[in-house]
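See below for the structure under consideration.
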Amino acid sequence: MMAGFQAAKKDLRKRMREVLQRIPADSIVTQSRAVASKLLALPEYQKAKRIGVYLSMPTGELSTTAIVEDALKSQKEVFVPYIHSSETSTEQKKTSVMDMLALESMDEFGSLERDKWGIPSLTEAQALSKKNCFGGTGPSDSAGLAKDATARSSGLDLIVMPGMAFDTAFKRLGHGKGYYDSFLTRYLRWEAEIEAATRKMPLLVALSLKEQTLSPPEEVPVTNHDWLVDIVIVGDDRCLLRQQ
């Protein structure tokens, strides 16, 4: 069963890569503008004090630059993905994990180095002094916690998520590394451990080019560890809201 799901995901990723390569750059610019406008108008975004935002690839993906700029201008705390190796305590082997670390300003954003996918990214040296969304500073340790982590002034209200494909049932196909699903599972565990009655999972907002949103009855193949999103904002001006 699992092998069938993985094969279906692989096939859909291959198809979406081909679709994304054919989208004109000016269409992505137009859709990025529409999606950003829709997100910034959401009451949940306006009320959010601490948000996680993916930093976009130079091609084939909706741009989040305007969102980052607005969030910083609105004096929200902005956290961006940082991928690093962490040693698992059980198996003593290295695995790649994603943290959400603070981005201070648009000047800092402009100075970020680009990784092999062209994504603006914090360097290892920069990451060491950055506030972690779980509290404390720097990347998480093998237990999934940042150094000096505390429940105070930590957590996220909203996460802006990327993906390769989405559907109207709020299923998301990632790029295959499992970074966001693993991060959210860690977040759920962290939330339970801090025992804060007011704490809850962040609102998950996916941004989708119109070409990435599947039309019913086609759906994204998912397994138990794949997280559903709460909102899908599509480049054709649609905003899909999941009933809680």
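So you can find residues: chains in the structure tokens are A, B, ... in the order shown, residues in each start at 1, and ligands are numbered from 1 in order.
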- Task: Could you give me, as a list in words, the residues within 8 Å of Ala48 (chain A), counting only C-alpha atoms and dropping anything in the same chain fewer than 5 positions from it?
- Result: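 With the cut-off at 8 Å, the set is Lys76, Asp157 and Leu158 of chain A.
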- Task: Pick out the residues sitting within 10 Å of region 20-24 of chain A, and hand them over as a list of chain:residue names; count only C-alpha atoms, and ignore anything fewer than 5 positions along from it in its own chain.
- Result: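 Non-adjacent residues within range: A:Arg15, A:Val29, A:Thr59, A:Gly60, A:Glu61, A:Met164, A:Leu209, A:Glu211, A:Gln212.
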Report the closest atom pair, with its distance in Å rounded to one decimal, for each residue of region 170-199 of chain A that has an atom no farther than 9 Å from region 220-236 of chain A; count only C-alpha atoms, sort by chain and then rising residue number, and write it as a Markdown table.
```
| residue | atom | partner | partner_atom | distance |
| --- | --- | --- | --- | --- |
| A:Phe170 | CA | A:Val229 | CA | 5.4 |
| A:Lys171 | CA | A:Leu228 | CA | 5.1 |
| A:Arg172 | CA | A:Val220 | CA | 6.5 |
| A:Leu173 | CA | A:Val220 | CA | 6.4 |
| A:Gly178 | CA | A:Asp226 | CA | 8.5 |
| A:Tyr180 | CA | A:Trp227 | CA | 8.5 |
| A:Asp181 | CA | A:Asp226 | CA | 5.9 |
| A:Ser182 | CA | A:His225 | CA | 8.3 |
| A:Leu184 | CA | A:Trp227 | CA | 7.8 |
| A:Thr185 | CA | A:His225 | CA | 8.3 |
```
Restricted to N, CA and C atoms, what would the selected residues look like written as a compact mmCIF listing (two decimals), in the first residue's frame?
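Contents of the output file again31.txt:
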```txt
# COMPACT_ATOMS: atom_id res chain seq x y z
N PHE A 170 -7.61 19.92 0.63
CA PHE A 170 -6.57 20.49 1.48
C PHE A 170 -5.38 19.55 1.69
N LYS A 171 -5.18 18.66 0.74
CA LYS A 171 -4.01 17.81 0.75
C LYS A 171 -2.88 18.50 0.00
N ARG A 172 -1.68 18.29 0.48
CA ARG A 172 -0.50 18.97 -0.08
C ARG A 172 0.56 17.94 -0.47
N LEU A 173 1.14 18.13 -1.65
CA LEU A 173 2.28 17.33 -2.09
C LEU A 173 3.53 18.19 -1.96
N GLY A 178 10.05 15.80 3.10
CA GLY A 178 9.31 15.66 4.35
C GLY A 178 9.61 16.70 5.41
N TYR A 180 8.47 19.83 6.07
CA TYR A 180 7.35 20.49 6.74
C TYR A 180 6.54 19.51 7.58
N ASP A 181 6.29 18.31 7.05
CA ASP A 181 5.53 17.32 7.83
C ASP A 181 6.29 16.96 9.11
N SER A 182 7.59 16.78 9.02
CA SER A 182 8.40 16.46 10.20
C SER A 182 8.41 17.62 11.19
N LEU A 184 6.11 19.93 11.58
CA LEU A 184 4.80 20.06 12.23
C LEU A 184 4.58 18.96 13.27
N THR A 185 5.09 17.77 13.01
CA THR A 185 4.99 16.69 14.00
C THR A 185 5.80 17.04 15.24
```
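Each of A:Lys210, A:Thr168, A:Met57, A:Tyr82 was compared to Arg242 (chain A) using only C-alpha atoms, and A:Thr168 turns out to be the nearest.
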- Kindly indicate which residue among A:Thr123, A:Ala102, A:Asp141, A:Phe134 lies nearest to Glu193 (chain A), using only C-alpha atoms for the distances. A:Phe134
- Item | DSSP strand (DSSP E or B) residues within region 104-205 of chain A, listed as a PyMOL selection string | chain A and resi 113-114+120-121+131-132+137+147+158-161+165-166+172-173+203-205
How would the residues just picked look written out with N, CA, C and O atoms as a JSON list (two decimals), in the first residue's frame?
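Writing the result to result04.json gives the following:
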```json
[["chain", "number", "residue", "atom", "x", "y", "z"],
["A", 113, "GLU", "N", 22.57, 34.32, 1.32],
["A", 113, "GLU", "CA", 23.18, 33.54, 0.24],
["A", 113, "GLU", "C", 22.14, 32.56, -0.32],
["A", 113, "GLU", "O", 21.25, 32.12, 0.39],
["A", 114, "ARG", "N", 22.27, 32.24, -1.59],
["A", 114, "ARG", "CA", 21.32, 31.30, -2.21],
["A", 114, "ARG", "C", 21.89, 29.89, -2.18],
["A", 114, "ARG", "O", 23.07, 29.68, -2.43],
["A", 120, "PRO", "N", 17.06, 31.89, -1.06],
["A", 120, "PRO", "CA", 17.82, 32.66, -0.08],
["A", 120, "PRO", "C", 17.83, 31.92, 1.26],
["A", 120, "PRO", "O", 16.76, 31.52, 1.76],
["A", 121, "SER", "N", 19.00, 31.72, 1.84],
["A", 121, "SER", "CA", 19.11, 30.89, 3.04],
["A", 121, "SER", "C", 20.12, 31.46, 4.02],
["A", 121, "SER", "O", 21.13, 32.05, 3.64],
["A", 131, "LYS", "N", 17.08, 33.61, 16.72],
["A", 131, "LYS", "CA", 16.00, 33.14, 17.57],
["A", 131, "LYS", "C", 15.27, 31.99, 16.87],
["A", 131, "LYS", "O", 14.96, 32.06, 15.69],
["A", 132, "ASN", "N", 15.03, 30.92, 17.63],
["A", 132, "ASN", "CA", 14.32, 29.75, 17.12],
["A", 132, "ASN", "C", 12.84, 29.88, 17.49],
["A", 132, "ASN", "O", 12.52, 30.36, 18.58],
["A", 137, "THR", "N", 17.99, 30.03, 21.08],
["A", 137, "THR", "CA", 18.69, 30.49, 19.87],
["A", 137, "THR", "C", 19.33, 29.31, 19.14],
["A", 137, "THR", "O", 19.69, 28.30, 19.74],
["A", 147, "LYS", "N", 18.54, 25.66, 21.87],
["A", 147, "LYS", "CA", 19.28, 25.93, 23.10],
["A", 147, "LYS", "C", 18.51, 26.95, 23.95],
["A", 147, "LYS", "O", 17.97, 27.93, 23.44],
["A", 158, "LEU", "N", 1.04, 31.37, 12.47],
["A", 158, "LEU", "CA", 0.68, 31.05, 11.09],
["A", 158, "LEU", "C", 1.94, 30.64, 10.33],
["A", 158, "LEU", "O", 3.01, 31.19, 10.58],
["A", 159, "ILE", "N", 1.81, 29.66, 9.45],
["A", 159, "ILE", "CA", 2.92, 29.25, 8.59],
["A", 159, "ILE", "C", 2.48, 29.31, 7.14],
["A", 159, "ILE", "O", 1.45, 28.73, 6.77],
["A", 160, "VAL", "N", 3.26, 30.00, 6.31],
["A", 160, "VAL", "CA", 3.02, 30.07, 4.87],
["A", 160, "VAL", "C", 3.85, 28.95, 4.23],
["A", 160, "VAL", "O", 5.08, 28.95, 4.33],
["A", 161, "MET", "N", 3.15, 27.98, 3.61],
["A", 161, "MET", "CA", 3.81, 26.76, 3.15],
["A", 161, "MET", "C", 3.86, 26.65, 1.63],
["A", 161, "MET", "O", 2.91, 27.01, 0.94],
["A", 165, "ALA", "N", 1.95, 20.40, -5.37],
["A", 165, "ALA", "CA", 0.57, 20.25, -5.82],
["A", 165, "ALA", "C", -0.35, 20.29, -4.61],
["A", 165, "ALA", "O", 0.04, 19.91, -3.50],
["A", 166, "PHE", "N", -1.58, 20.74, -4.84],
["A", 166, "PHE", "CA", -2.59, 20.83, -3.79],
["A", 166, "PHE", "C", -3.92, 20.39, -4.39],
["A", 166, "PHE", "O", -4.08, 20.34, -5.62],
["A", 172, "ARG", "N", -1.68, 18.29, 0.48],
["A", 172, "ARG", "CA", -0.50, 18.97, -0.08],
["A", 172, "ARG", "C", 0.56, 17.94, -0.47],
["A", 172, "ARG", "O", 0.86, 17.03, 0.29],
["A", 173, "LEU", "N", 1.14, 18.13, -1.65],
["A", 173, "LEU", "CA", 2.28, 17.33, -2.09],
["A", 173, "LEU", "C", 3.53, 18.19, -1.96],
["A", 173, "LEU", "O", 3.67, 19.21, -2.64],
["A", 203, "LEU", "N", -1.87, 28.22, 12.14],
["A", 203, "LEU", "CA", -2.70, 28.11, 10.95],
["A", 203, "LEU", "C", -1.79, 27.81, 9.77],
["A", 203, "LEU", "O", -0.78, 28.49, 9.56],
["A", 204, "LEU", "N", -2.13, 26.79, 8.98],
["A", 204, "LEU", "CA", -1.29, 26.38, 7.85],
["A", 204, "LEU", "C", -1.89, 26.91, 6.56],
["A", 204, "LEU", "O", -2.98, 26.50, 6.15],
["A", 205, "VAL", "N", -1.18, 27.85, 5.93],
["A", 205, "VAL", "CA", -1.65, 28.49, 4.70],
["A", 205, "VAL", "C", -0.74, 28.09, 3.54],
["A", 205, "VAL", "O", 0.45, 28.40, 3.54]]
```
- Message: What's the separation between CA of Ser56 (chain A) and CA of Lys116 (chain A), in Å to one decimal place?
- Response: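 One can read the CA of Ser56 (chain A) to CA of Lys116 (chain A) distance as 12.6 Å.
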